[in-house]
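Structure data follow from final.cif (mmCIF, C-alpha atoms):
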```cif
data_entry
loop_
_atom_site.label_atom_id
_atom_site.label_comp_id
_atom_site.auth_asym_id
_atom_site.auth_seq_id
_atom_site.Cartn_x
_atom_site.Cartn_y
_atom_site.Cartn_z
CA GLY U 25 26.94 -1.13 17.13
CA ALA U 26 25.53 -4.15 18.87
CA CYS U 27 22.15 -5.51 17.93
CA VAL U 28 19.48 -5.57 20.64
CA LEU U 29 17.34 -8.70 20.42
CA LEU U 30 14.41 -10.17 22.29
CA SER U 31 14.02 -13.92 21.83
CA PHE U 32 12.23 -16.95 23.22
CA ARG U 33 12.04 -20.61 22.22
CA CYS U 34 9.08 -21.55 20.03
CA PRO U 35 7.02 -24.37 21.61
CA VAL U 36 6.09 -25.64 18.13
CA PHE U 37 9.26 -25.72 16.06
CA HIS U 38 11.68 -25.80 19.06
CA SER U 39 13.78 -23.05 17.57
CA PRO U 40 14.37 -19.48 18.72
CA ILE U 41 11.90 -16.82 17.63
CA VAL U 42 13.68 -13.50 17.34
CA PHE U 43 12.29 -9.97 17.39
CA PHE U 44 14.74 -7.64 15.67
CA LEU U 45 15.01 -4.34 17.48
CA ALA U 46 17.83 -3.11 15.26
CA SER U 47 18.76 -3.61 11.65
CA GLU U 48 21.50 -6.23 12.22
CA MET U 49 21.24 -9.71 10.69
CA GLU U 50 22.31 -11.49 13.88
CA GLY U 51 19.81 -14.12 14.90
CA ALA U 52 18.48 -14.79 11.39
CA THR U 53 18.21 -18.47 10.39
CA ALA U 54 18.91 -19.80 6.91
CA VAL U 55 16.74 -22.68 5.71
CA THR U 56 18.57 -25.91 4.87
CA PHE U 57 18.21 -28.21 1.88
CA GLU U 58 17.26 -31.06 4.22
CA GLU U 59 14.31 -29.02 5.49
CA ILE U 60 13.14 -28.51 1.89
CA THR U 61 13.33 -32.22 1.02
CA SER U 62 11.50 -33.10 4.25
CA ALA U 63 8.81 -30.54 3.39
CA SER U 64 8.39 -32.09 -0.06
CA TYR U 65 7.56 -35.46 1.49
CA ARG U 66 5.38 -33.86 4.18
CA ILE U 67 3.10 -31.89 1.84
CA ARG U 68 2.84 -34.42 -0.99
CA ASP U 69 -0.69 -35.46 0.02
CA GLY U 70 -2.21 -32.01 -0.40
CA ILE U 71 -0.20 -30.01 -2.95
CA TYR U 72 -0.66 -30.21 -6.70
CA LYS U 73 2.53 -30.85 -8.67
CA THR U 74 2.00 -28.11 -11.22
CA PRO U 75 3.15 -28.55 -14.83
CA CYS U 76 6.26 -26.86 -16.17
CA ASP U 77 5.43 -26.48 -19.85
CA ARG U 78 7.34 -25.00 -22.78
CA SER U 79 5.93 -21.58 -23.65
CA HIS U 80 4.61 -20.16 -26.91
CA MET U 81 6.73 -17.09 -26.06
CA SER U 82 9.98 -18.93 -26.73
CA ALA U 83 9.88 -17.72 -30.34
CA ILE U 84 9.47 -14.01 -29.53
CA THR U 85 12.09 -13.93 -26.74
CA GLY U 86 14.79 -16.07 -28.32
CA MET U 87 14.89 -18.13 -25.10
CA GLU U 88 13.48 -21.61 -24.54
CA ILE U 89 11.00 -20.60 -21.84
CA PHE U 90 9.22 -23.02 -19.52
CA PHE U 91 6.40 -21.80 -17.27
CA LYS U 92 6.02 -23.39 -13.84
CA LYS U 93 2.26 -22.89 -13.48
CA GLU U 94 1.80 -22.32 -9.76
CA PHE U 95 -1.37 -20.32 -10.40
CA GLN U 96 -3.03 -23.72 -10.92
CA GLN U 97 -2.81 -24.57 -7.21
CA PHE U 98 -6.27 -24.86 -5.64
CA THR U 99 -6.20 -21.35 -4.10
CA GLY U 100 -4.29 -19.88 -7.04
CA SER U 101 -0.73 -19.47 -5.77
CA PHE U 102 2.51 -21.12 -4.60
CA LYS U 103 1.76 -20.02 -1.02
CA GLU U 104 0.01 -23.33 -0.38
CA ARG U 105 3.35 -25.13 -0.17
CA GLY U 106 4.63 -23.20 2.83
CA SER U 107 1.23 -23.03 4.54
CA ARG U 108 0.68 -26.80 4.47
CA ASN U 109 4.23 -27.49 5.64
CA THR U 110 3.84 -25.08 8.56
CA ILE U 111 0.50 -26.51 9.70
CA LYS U 112 1.79 -30.08 9.51
CA LEU U 113 4.69 -29.19 11.82
CA LEU U 114 2.40 -27.99 14.61
CA SER U 115 2.21 -29.92 17.86
CA LYS U 116 -1.10 -31.43 18.96
CA GLU U 117 -1.62 -28.60 21.45
CA GLN U 118 -0.90 -25.91 18.89
CA ARG U 119 -3.20 -27.56 16.34
CA GLU U 120 -6.03 -27.29 18.85
CA LEU U 121 -5.33 -23.62 19.58
CA GLY U 122 -4.92 -22.80 15.89
CA VAL U 123 -2.80 -20.38 13.90
CA ILE U 124 -3.11 -16.69 13.09
CA ALA U 125 -1.75 -14.60 10.24
CA ALA U 126 -2.01 -11.14 8.74
CA SER U 127 -2.53 -11.02 4.99
CA ALA U 128 -4.55 -9.28 2.32
CA GLY U 129 -4.16 -11.97 -0.28
CA ASN U 130 -2.62 -15.30 -1.21
CA HIS U 131 -1.12 -16.20 2.18
CA ALA U 132 -4.51 -15.79 3.84
CA LEU U 133 -6.22 -17.94 1.21
CA SER U 134 -3.69 -20.77 1.36
CA LEU U 135 -3.56 -20.87 5.15
CA ALA U 136 -7.36 -20.86 5.42
CA TYR U 137 -7.76 -23.65 2.87
CA HIS U 138 -5.12 -25.97 4.30
CA GLY U 139 -6.19 -25.20 7.86
CA ARG U 140 -9.66 -26.47 7.00
CA ASP U 141 -8.24 -29.49 5.19
CA LEU U 142 -6.10 -30.43 8.22
CA ASN U 143 -8.72 -29.50 10.86
CA VAL U 144 -6.69 -26.63 12.34
CA PRO U 145 -8.52 -23.39 13.24
CA VAL U 146 -7.22 -20.40 11.27
CA THR U 147 -7.67 -16.74 12.14
CA VAL U 148 -6.80 -14.21 9.46
CA ILE U 149 -6.42 -10.49 10.10
CA MET U 150 -7.02 -8.62 6.85
CA PRO U 151 -6.61 -4.85 6.44
CA LEU U 152 -9.70 -2.82 5.62
CA THR U 153 -8.32 -2.31 2.11
CA ALA U 154 -8.23 -6.06 1.34
CA PRO U 155 -10.13 -7.05 -1.84
CA LEU U 156 -13.67 -8.14 -0.99
CA MET U 157 -13.32 -11.23 -3.18
CA LYS U 158 -10.42 -12.52 -1.09
CA VAL U 159 -12.17 -11.73 2.19
CA SER U 160 -15.19 -13.70 1.00
CA LEU U 161 -13.06 -16.67 -0.15
CA CYS U 162 -11.27 -16.89 3.21
CA ARG U 163 -14.63 -17.10 4.95
CA GLN U 164 -15.71 -19.83 2.53
CA TYR U 165 -12.70 -21.83 3.72
CA ASP U 166 -14.07 -21.48 7.31
CA ALA U 167 -11.37 -19.08 8.50
CA ASN U 168 -12.15 -16.60 11.25
CA VAL U 169 -11.66 -13.38 9.26
CA ILE U 170 -11.20 -10.11 11.14
CA GLN U 171 -10.75 -6.89 9.19
CA HIS U 172 -8.57 -4.46 11.08
CA GLY U 173 -6.09 -1.72 10.21
CA ARG U 174 -5.55 0.67 7.35
CA ASP U 175 -2.66 -1.35 5.93
CA PHE U 176 -0.75 -4.62 6.32
CA GLY U 177 1.49 -3.20 9.07
CA GLU U 178 -1.44 -2.42 11.36
CA ALA U 179 -3.07 -5.77 10.59
CA LYS U 180 0.19 -7.59 11.47
CA GLU U 181 0.55 -5.79 14.81
CA TYR U 182 -3.01 -6.72 15.72
CA ALA U 183 -2.51 -10.34 14.65
CA MET U 184 0.69 -10.78 16.65
CA ALA U 185 -0.92 -9.27 19.76
CA MET U 186 -3.95 -11.57 19.43
CA GLY U 187 -1.68 -14.58 18.88
CA ARG U 188 0.25 -13.88 22.09
CA GLU U 189 -2.99 -13.35 24.01
CA LYS U 190 -4.65 -16.58 22.85
CA GLY U 191 -1.60 -18.79 22.46
CA MET U 192 -1.93 -19.12 18.69
CA VAL U 193 1.13 -19.51 16.47
CA TYR U 194 1.68 -16.45 14.25
CA VAL U 195 2.60 -17.56 10.72
CA ASN U 196 4.76 -15.11 8.77
CA GLY U 197 3.91 -15.60 5.09
CA TYR U 198 7.43 -15.01 3.74
CA ASP U 199 10.00 -15.45 6.50
CA ASP U 200 9.24 -18.39 8.81
CA VAL U 201 11.69 -21.21 8.16
CA PRO U 202 8.90 -23.82 7.59
CA ILE U 203 7.39 -21.40 5.04
CA LEU U 204 10.73 -21.06 3.21
CA ALA U 205 11.18 -24.84 3.21
CA GLY U 206 7.70 -25.33 1.77
CA GLN U 207 8.24 -22.78 -1.00
CA GLY U 208 11.55 -24.45 -1.83
CA THR U 209 9.72 -27.61 -2.91
CA MET U 210 8.90 -25.77 -6.13
CA GLY U 211 12.62 -25.71 -6.88
CA LEU U 212 12.84 -29.48 -6.48
CA GLU U 213 10.04 -29.91 -9.01
CA ILE U 214 11.65 -27.52 -11.48
CA ILE U 215 14.88 -29.56 -11.56
CA GLU U 216 12.89 -32.78 -11.93
CA GLN U 217 10.73 -31.41 -14.76
CA VAL U 218 13.44 -29.47 -16.66
CA PRO U 219 16.69 -31.22 -15.63
CA ASP U 220 18.84 -29.33 -18.14
CA VAL U 221 17.58 -25.87 -17.15
CA ASP U 222 20.12 -23.03 -17.55
CA ALA U 223 18.40 -20.25 -15.56
CA VAL U 224 15.47 -19.65 -13.22
CA VAL U 225 13.92 -16.16 -13.07
CA ILE U 226 11.95 -15.60 -9.85
CA PRO U 227 9.76 -12.70 -8.65
CA VAL U 228 10.71 -11.37 -5.21
CA GLY U 229 8.62 -9.58 -2.59
CA GLY U 230 9.33 -10.71 0.96
CA GLY U 231 11.85 -13.23 -0.36
CA GLY U 232 10.29 -16.53 0.74
CA LEU U 233 9.84 -18.07 -2.71
CA LEU U 234 13.22 -16.79 -3.89
CA ALA U 235 15.08 -18.14 -0.84
CA GLY U 236 13.59 -21.63 -0.87
CA THR U 237 13.68 -22.10 -4.63
CA ALA U 238 17.20 -20.68 -5.06
CA LEU U 239 18.56 -23.00 -2.36
CA ALA U 240 16.89 -26.07 -3.87
CA VAL U 241 18.03 -25.28 -7.41
CA LYS U 242 21.59 -24.31 -6.51
CA THR U 243 22.05 -27.36 -4.28
CA LEU U 244 21.00 -29.76 -7.04
CA LYS U 245 22.43 -27.81 -9.99
CA PRO U 246 25.07 -25.27 -8.84
CA HIS U 247 25.67 -24.03 -12.41
CA VAL U 248 22.06 -22.82 -12.87
CA THR U 249 21.74 -19.03 -12.93
CA VAL U 250 19.22 -17.60 -10.43
CA ILE U 251 17.81 -14.15 -11.25
CA SER U 252 15.39 -12.20 -9.06
CA VAL U 253 12.95 -9.55 -10.31
CA GLU U 254 10.85 -6.94 -8.48
CA SER U 255 8.76 -3.86 -9.26
CA ASP U 256 10.30 -0.39 -9.16
CA LYS U 257 7.36 0.66 -6.95
CA CYS U 258 8.80 -1.35 -4.05
CA PRO U 259 12.46 -2.29 -4.65
CA SER U 260 12.96 -3.73 -1.16
CA TRP U 261 15.26 -6.57 -2.27
CA GLN U 262 17.51 -4.14 -4.14
CA ALA U 263 17.60 -1.94 -1.04
CA ALA U 264 18.54 -4.93 1.11
CA MET U 265 21.31 -5.95 -1.29
CA ASP U 266 22.68 -2.40 -1.29
CA ALA U 267 22.59 -2.15 2.52
CA GLY U 268 23.73 -5.70 3.18
CA GLU U 269 20.64 -6.33 5.31
CA PRO U 270 16.85 -5.84 5.11
CA VAL U 271 15.86 -2.18 5.35
CA ALA U 272 12.51 -0.41 5.22
CA THR U 273 11.61 0.70 1.69
CA PRO U 274 8.83 3.09 0.57
CA VAL U 275 5.95 1.30 -1.15
CA GLY U 276 4.01 2.84 -4.02
CA PRO U 277 0.81 1.61 -5.69
CA THR U 278 1.73 -1.31 -7.92
CA LEU U 279 0.16 -3.88 -10.22
CA ALA U 280 2.37 -6.43 -8.46
CA ASP U 281 0.69 -5.96 -5.08
CA GLY U 282 1.84 -9.41 -3.95
CA LEU U 283 5.46 -8.16 -4.10
CA ALA U 284 4.82 -4.92 -2.20
CA VAL U 285 6.65 -5.88 1.00
CA PRO U 286 8.43 -2.87 2.55
CA THR U 287 11.12 -4.95 4.32
CA VAL U 288 12.24 -8.34 3.03
CA GLY U 289 12.44 -11.23 5.47
CA TYR U 290 15.59 -11.62 7.56
CA ASN U 291 15.68 -15.41 7.26
CA ALA U 292 14.87 -15.21 3.55
CA PHE U 293 17.62 -12.66 2.96
CA LYS U 294 20.21 -14.66 4.88
CA THR U 295 19.31 -17.76 2.85
CA ALA U 296 19.20 -16.17 -0.62
CA ARG U 297 21.65 -13.25 -0.65
CA HIS U 298 24.61 -15.31 -1.90
CA LEU U 299 22.53 -17.55 -4.18
CA VAL U 300 21.15 -14.81 -6.45
CA ASP U 301 23.37 -14.18 -9.48
CA ARG U 302 21.57 -11.08 -10.76
CA HIS U 303 18.72 -8.80 -9.70
CA ILE U 304 16.39 -6.81 -11.99
CA VAL U 305 14.03 -3.95 -11.11
CA ILE U 306 11.20 -3.62 -13.63
CA SER U 307 8.68 -0.84 -14.40
CA GLU U 308 4.90 -1.09 -14.14
CA ASP U 309 4.19 -0.83 -17.87
CA LYS U 310 6.41 -3.87 -18.49
CA ILE U 311 4.43 -5.87 -15.92
CA ALA U 312 1.13 -4.85 -17.56
CA LEU U 313 2.46 -5.95 -20.95
CA ALA U 314 3.50 -9.33 -19.50
CA ILE U 315 -0.03 -9.88 -18.13
CA LEU U 316 -1.43 -9.08 -21.59
CA ARG U 317 1.01 -11.45 -23.34
CA LEU U 318 0.11 -14.29 -20.97
CA ILE U 319 -3.60 -13.91 -21.70
CA GLU U 320 -3.12 -13.62 -25.47
CA MET U 321 -0.43 -16.27 -25.99
CA GLU U 322 -0.74 -18.69 -23.07
CA LYS U 323 -4.46 -18.30 -22.29
CA ALA U 324 -3.39 -17.80 -18.66
CA VAL U 325 -4.77 -15.22 -16.22
CA VAL U 326 -1.85 -14.30 -13.95
CA GLU U 327 -1.63 -11.54 -11.33
CA GLY U 328 0.97 -8.78 -11.50
CA ALA U 329 3.34 -10.41 -9.02
CA GLY U 330 3.20 -13.66 -10.98
CA ALA U 331 3.99 -11.94 -14.29
CA THR U 332 6.92 -9.83 -13.05
CA ALA U 333 9.66 -12.33 -13.90
CA LEU U 334 8.31 -12.74 -17.44
CA ALA U 335 8.29 -8.95 -17.81
CA ALA U 336 12.09 -8.90 -17.40
CA CYS U 337 12.47 -11.43 -20.23
CA LEU U 338 10.08 -9.64 -22.58
CA CYS U 339 11.62 -6.17 -22.23
CA GLY U 340 15.16 -7.17 -23.19
CA ALA U 341 16.66 -6.94 -19.70
CA LEU U 342 17.91 -10.56 -19.88
CA ASP U 343 19.22 -10.87 -23.42
CA GLU U 344 22.17 -12.92 -22.14
CA LEU U 345 19.71 -15.80 -21.68
CA LYS U 346 18.87 -16.05 -25.39
CA GLY U 347 19.31 -19.58 -26.67
CA LYS U 348 19.14 -21.01 -23.14
CA LYS U 349 16.51 -22.97 -21.22
CA VAL U 350 14.79 -20.62 -18.77
CA VAL U 351 12.16 -21.53 -16.16
CA ILE U 352 9.78 -18.81 -14.98
CA PRO U 353 7.32 -19.48 -12.15
CA LEU U 354 3.88 -18.00 -12.80
CA CYS U 355 3.37 -17.91 -9.07
CA GLY U 356 -0.15 -16.51 -8.66
CA GLY U 357 -3.41 -15.98 -10.51
CA ASN U 358 -5.55 -14.10 -7.99
CA ILE U 359 -6.20 -10.80 -9.73
CA ASP U 360 -9.36 -8.73 -9.29
CA THR U 361 -11.38 -8.33 -12.48
CA THR U 362 -11.30 -4.53 -12.20
CA VAL U 363 -7.52 -4.55 -11.83
CA LEU U 364 -7.25 -7.01 -14.71
CA GLY U 365 -9.14 -4.60 -16.97
CA ARG U 366 -6.75 -1.79 -16.08
CA CYS U 367 -3.75 -4.07 -16.63
CA LEU U 368 -4.95 -5.02 -20.09
CA GLU U 369 -5.45 -1.39 -21.13
CA ARG U 370 -2.02 -0.42 -19.80
CA GLY U 371 -0.52 -3.42 -21.53
CA LEU U 372 -2.12 -2.42 -24.84
CA ALA U 373 -0.74 1.10 -24.37
CA ALA U 374 2.75 -0.20 -23.59
CA ASP U 375 2.53 -2.39 -26.69
CA GLY U 376 1.63 0.59 -28.91
CA ARG U 377 -1.80 -0.89 -29.67
CA LEU U 378 -3.75 1.67 -27.65
CA ILE U 379 -2.64 5.22 -28.35
CA LYS U 380 -3.68 8.67 -27.21
CA PHE U 381 -2.91 11.97 -28.91
CA VAL U 382 -4.14 15.55 -29.27
CA VAL U 383 -4.36 17.30 -32.65
CA ARG U 384 -5.11 21.01 -33.16
CA VAL U 385 -7.38 21.50 -36.19
CA ASP U 386 -9.48 24.29 -37.76
CA ASP U 387 -12.84 24.68 -36.02
CA ARG U 388 -14.61 25.04 -39.35
CA PRO U 389 -16.57 22.62 -41.56
CA ASN U 390 -14.46 19.62 -42.62
CA GLY U 391 -11.77 20.34 -39.97
CA VAL U 392 -12.52 17.24 -37.92
CA ALA U 393 -13.59 15.30 -41.01
CA GLU U 394 -10.12 15.67 -42.50
CA LEU U 395 -8.54 14.34 -39.29
CA THR U 396 -10.80 11.28 -39.21
CA ARG U 397 -10.08 10.63 -42.89
CA ILE U 398 -6.36 10.45 -42.15
CA ILE U 399 -6.95 8.14 -39.18
CA GLY U 400 -9.37 5.88 -41.07
CA GLY U 401 -7.21 5.89 -44.17
CA HIS U 402 -4.43 4.24 -42.15
CA GLY U 403 -6.70 1.49 -40.90
CA VAL U 404 -6.76 2.84 -37.34
CA SER U 405 -9.93 2.54 -35.24
CA ILE U 406 -11.09 5.50 -33.13
CA LYS U 407 -12.09 4.34 -29.65
CA ASP U 408 -12.83 7.75 -28.13
CA ILE U 409 -12.81 11.36 -29.38
CA TYR U 410 -13.33 14.67 -27.53
CA HIS U 411 -13.41 18.33 -28.63
CA GLU U 412 -11.64 20.93 -26.46
CA ARG U 413 -12.60 24.53 -27.30
CA ALA U 414 -12.51 26.53 -24.07
CA TRP U 415 -8.93 25.84 -22.99
CA VAL U 416 -7.20 26.41 -26.32
CA SER U 417 -4.61 29.17 -25.89
CA ARG U 418 -4.03 30.07 -29.56
CA GLU U 419 -6.30 31.04 -32.44
CA ILE U 420 -10.01 31.38 -31.70
CA PHE U 421 -10.91 29.25 -34.71
CA ASN U 422 -8.81 26.29 -33.55
CA VAL U 423 -9.99 23.29 -31.57
CA ASP U 424 -8.03 20.55 -29.83
CA ILE U 425 -9.23 17.04 -30.72
CA LYS U 426 -8.29 14.43 -28.14
CA CYS U 427 -8.29 10.90 -29.57
CA VAL U 428 -7.85 7.40 -28.19
CA CYS U 429 -7.29 4.88 -30.99
CA GLU U 430 -6.57 1.19 -31.49
CA THR U 431 -3.75 0.04 -33.79
CA ARG U 432 -2.28 -3.30 -34.81
CA ASP U 433 1.10 -2.70 -33.16
CA GLY U 434 3.74 -0.08 -32.42
CA VAL U 435 4.86 0.15 -36.06
CA HIS U 436 1.28 0.83 -37.16
CA ALA U 437 1.01 3.55 -34.50
CA GLU U 438 4.24 5.22 -35.64
CA THR U 439 3.00 5.23 -39.26
CA LEU U 440 -0.11 7.13 -38.17
CA ARG U 441 1.96 9.51 -36.07
CA ALA U 442 4.19 10.40 -39.03
CA ALA U 443 1.13 11.08 -41.20
CA LEU U 444 -0.48 13.32 -38.57
CA GLU U 445 2.71 15.29 -37.97
CA LYS U 446 3.04 15.87 -41.71
CA ALA U 447 -0.57 17.08 -41.98
CA TYR U 448 -0.48 19.15 -38.77
CA PRO U 449 3.05 20.51 -38.23
CA ASP U 450 3.54 21.59 -34.59
CA GLY U 451 -0.07 20.63 -33.90
CA VAL U 452 0.26 17.04 -32.64
CA HIS U 453 0.90 16.02 -29.03
CA TRP U 454 1.49 12.28 -28.52
CA ALA U 455 0.92 10.76 -25.08
CA SER U 456 3.70 8.53 -23.74
CA THR U 457 3.49 5.43 -21.54
CA GLU U 458 6.91 6.14 -20.04
CA HIS U 459 6.99 6.88 -16.30
#
```

What would you get if you wrote out this structure as structure tokens?
Amino acid sequence: GACVLLSFRCPVFHSPIVFFLASEMEGATAVTFEEITSASYRIRDGIYKTPCDRSHMSAITGMEIFFKKEFQQFTGSFKERGSRNTIKLLSKEQRELGVIAASAGNHALSLAYHGRDLNVPVTVIMPLTAPLMKVSLCRQYDANVIQHGRDFGEAKEYAMAMGREKGMVYVNGYDDVPILAGQGTMGLEIIEQVPDVDAVVIPVGGGGLLAGTALAVKTLKPHVTVISVESDKCPSWQAAMDAGEPVATPVGPTLADGLAVPTVGYNAFKTARHLVDRHIVISEDKIALAILRLIEMEKAVVEGAGATALAACLCGALDELKGKKVVIPLCGGNIDTTVLGRCLERGLAADGRLIKFVVRVDDRPNGVAELTRIIGGHGVSIKDIYHERAWVSREIFNVDIKCVCETRDGVHAETLRAALEKAYPDGVHWASTEH
């Protein structure tokens, strides 16, 4: 059927702002390459041209990997590009009234920082669940921070209502055309820094970075393969591709919280849908392992969303890229220390270096001693051990020993497993990291 739309002309960008009241794509605007090149010139005075260095992981993946290190931007993410471009396009009147946005993370930080730098008042509506560290940082950048709503959806509704009431421009962090143009400047830098690149693998949440970068890369180098990657906890881009338009997608808890956007942007989808050559959906344990590999091999602390594209390369999902030059944007580094600790443990488990198992042994002298001798004899370190007597369903003189151990790698873990299963037939239960 027909799409019902409400629209009015934006006083700032002189283009129609459209509220979609149905799921049709009519009214969406694709960003142009000219807008990206203009944005590159416009933001050059306040955006760091991040390095795009060859990775130590090239040897273990079989690809020649280059990391575009966007986590080195001042506020820790690529979002600064679109935020600065948007603010610089404001009219004098709108600069005085200021801008407003809803965000729990990187968009809020980048908008607050560049608003202060350009003397534009910024109001940020953050949900009550927003990390305290990011709330505090936004206030340090002199933003007016208001915490409202149980989730991003409620915060966005409140922000849009306040913007209409006070005449402030609402800045969508992943779908406004000036945002897409700003994010696309990363694509221009990639082609300049790695001119013979064969493929670019990009994380996707709302689609802003993917749309801008894919357009820039494909315009300059049409032969370059563009691959998008997202978490299986919120496969909103896959859902949009299947439906032919953005659709609401259930969101689960994810390490890649920056990608957890229930509905991808309409403008972003219209721009990128025909530019993406392949799409990958990746599991959480693969993302955790990518975070671990980045810390160990690149000495880089990267958040889950920023490590998602690398996860696809490490797990064997992109073996067709072996022997080719591949650029991966590490697009954000704002990860809470508590979440980082959990990511590292999950990464160690996914790598077979942190293992958990239960062994049923005799509850008599030397029963547990024999188990620890086998473990120690294989050079495995016991991290935690627990006796379970009350909830053992078989013989009264048996006890379940729950162990968490550290090993060198997956092969080392499997060697221990074989030894335990030989010593305790039918008495070993091995925990799996599979979901």

Within 12 Å of Leu233 in chain U using all atoms listed in the file, minus same-chain residues under 5 positions, as number ranges by chain: U: 55, 60, 94, 101-106, 197-211, 225-228, 238-241, 252-253, 282-283, 288-289, 291-293, 295-296, 329-330, 353-356

From the list U:Ile67, U:Ile124, U:Glu88, U:Lys294, which residue is nearest Thr53 in chain U when using only C-alpha atoms?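 Between U:Ile67, U:Ile124, U:Glu88, U:Lys294, the residue approaching Thr53 in chain U most closely is U:Lys294.
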
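The closest residue to Leu244 in chain U, picked from U:Val221, U:Met184, U:Val123, U:Val195 and counting all atoms listed in the file, is U:Val221.
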
Find the residues around Gly276 in chain U up to 10 Å (only C-alpha atoms counted), leave out those fewer than 4 positions away in its own chain, and share them as an mmCIF file with C-alpha atoms, in the coordinates of the input.
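Saved the output as around24.cif:
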```cif
data_model
loop_
_atom_site.group_PDB
_atom_site.id
_atom_site.type_symbol
_atom_site.label_atom_id
_atom_site.label_comp_id
_atom_site.auth_asym_id
_atom_site.auth_seq_id
_atom_site.Cartn_x
_atom_site.Cartn_y
_atom_site.Cartn_z
ATOM 1 C CA SER U 255 8.760 -3.860 -9.260
ATOM 2 C CA ASP U 256 10.300 -0.390 -9.160
ATOM 3 C CA LYS U 257 7.360 0.660 -6.950
ATOM 4 C CA CYS U 258 8.800 -1.350 -4.050
ATOM 5 C CA PRO U 259 12.460 -2.290 -4.650
ATOM 6 C CA ASP U 281 0.690 -5.960 -5.080
ATOM 7 C CA ALA U 284 4.820 -4.920 -2.200
ATOM 8 C CA PRO U 286 8.430 -2.870 2.550
#
```

Might you spell out which residues the PyMOL selection byres ((chain U and resi 179-183) around 10) would select in the displayed file, as a ChimeraX atom specification? /U:124-128,147-152,170-178,184-189,192,194-196

Name the residues in contact with range 75-84 of chain U at a cut-off of 9 Å, using all atoms listed in the file, excluding same-chain residues fewer than 6 positions from it; report them as a PDB file with C-alpha atoms, keeping the file's coordinate frame.
```
ATOM      1  CA  PHE U  90       9.220 -23.020 -19.520  1.00  0.00           C
ATOM      2  CA  PHE U  91       6.400 -21.800 -17.270  1.00  0.00           C
ATOM      3  CA  LYS U  92       6.020 -23.390 -13.840  1.00  0.00           C
ATOM      4  CA  LYS U  93       2.260 -22.890 -13.480  1.00  0.00           C
ATOM      5  CA  GLU U  94       1.800 -22.320  -9.760  1.00  0.00           C
ATOM      6  CA  GLN U  96      -3.030 -23.720 -10.920  1.00  0.00           C
ATOM      7  CA  GLU U 213      10.040 -29.910  -9.010  1.00  0.00           C
ATOM      8  CA  ILE U 214      11.650 -27.520 -11.480  1.00  0.00           C
ATOM      9  CA  GLN U 217      10.730 -31.410 -14.760  1.00  0.00           C
ATOM     10  CA  VAL U 218      13.440 -29.470 -16.660  1.00  0.00           C
ATOM     11  CA  ARG U 317       1.010 -11.450 -23.340  1.00  0.00           C
ATOM     12  CA  LEU U 318       0.110 -14.290 -20.970  1.00  0.00           C
ATOM     13  CA  MET U 321      -0.430 -16.270 -25.990  1.00  0.00           C
ATOM     14  CA  GLU U 322      -0.740 -18.690 -23.070  1.00  0.00           C
ATOM     15  CA  LEU U 338      10.080  -9.640 -22.580  1.00  0.00           C
ATOM     16  CA  VAL U 351      12.160 -21.530 -16.160  1.00  0.00           C
ATOM     17  CA  ILE U 352       9.780 -18.810 -14.980  1.00  0.00           C
ATOM     18  CA  PRO U 353       7.320 -19.480 -12.150  1.00  0.00           C
TER      19      PRO U 353
END
```

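Of the listed residues U:Ala393, U:Ala263, U:Leu161, U:Ala324, the one whose atoms come nearest to Val305 in chain U is U:Ala263, with distances taken using all atoms listed in the file.
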
Since I can't run it myself right now, could you work out what the PyMOL selection byres ((chain U and resi 346) around 10) selects here and report it as a PDB file with C-alpha atoms, in the coordinates of the input?
```pdb
ATOM      1  CA  SER U  82       9.980 -18.930 -26.730  1.00  0.00           C
ATOM      2  CA  THR U  85      12.090 -13.930 -26.740  1.00  0.00           C
ATOM      3  CA  GLY U  86      14.790 -16.070 -28.320  1.00  0.00           C
ATOM      4  CA  MET U  87      14.890 -18.130 -25.100  1.00  0.00           C
ATOM      5  CA  GLU U  88      13.480 -21.610 -24.540  1.00  0.00           C
ATOM      6  CA  ILE U  89      11.000 -20.600 -21.840  1.00  0.00           C
ATOM      7  CA  CYS U 337      12.470 -11.430 -20.230  1.00  0.00           C
ATOM      8  CA  GLY U 340      15.160  -7.170 -23.190  1.00  0.00           C
ATOM      9  CA  LEU U 342      17.910 -10.560 -19.880  1.00  0.00           C
ATOM     10  CA  ASP U 343      19.220 -10.870 -23.420  1.00  0.00           C
ATOM     11  CA  GLU U 344      22.170 -12.920 -22.140  1.00  0.00           C
ATOM     12  CA  LEU U 345      19.710 -15.800 -21.680  1.00  0.00           C
ATOM     13  CA  GLY U 347      19.310 -19.580 -26.670  1.00  0.00           C
ATOM     14  CA  LYS U 348      19.140 -21.010 -23.140  1.00  0.00           C
ATOM     15  CA  LYS U 349      16.510 -22.970 -21.220  1.00  0.00           C
ATOM     16  CA  VAL U 350      14.790 -20.620 -18.770  1.00  0.00           C
TER      17      VAL U 350
END
```

Once the PyMOL selection byres ((chain U and resi 443) around 12) has been applied to the shown file, what residues remain in the selection, as a VMD selection string? chain U and resid 383 395 397 to 402 436 to 442 444 to 449 452
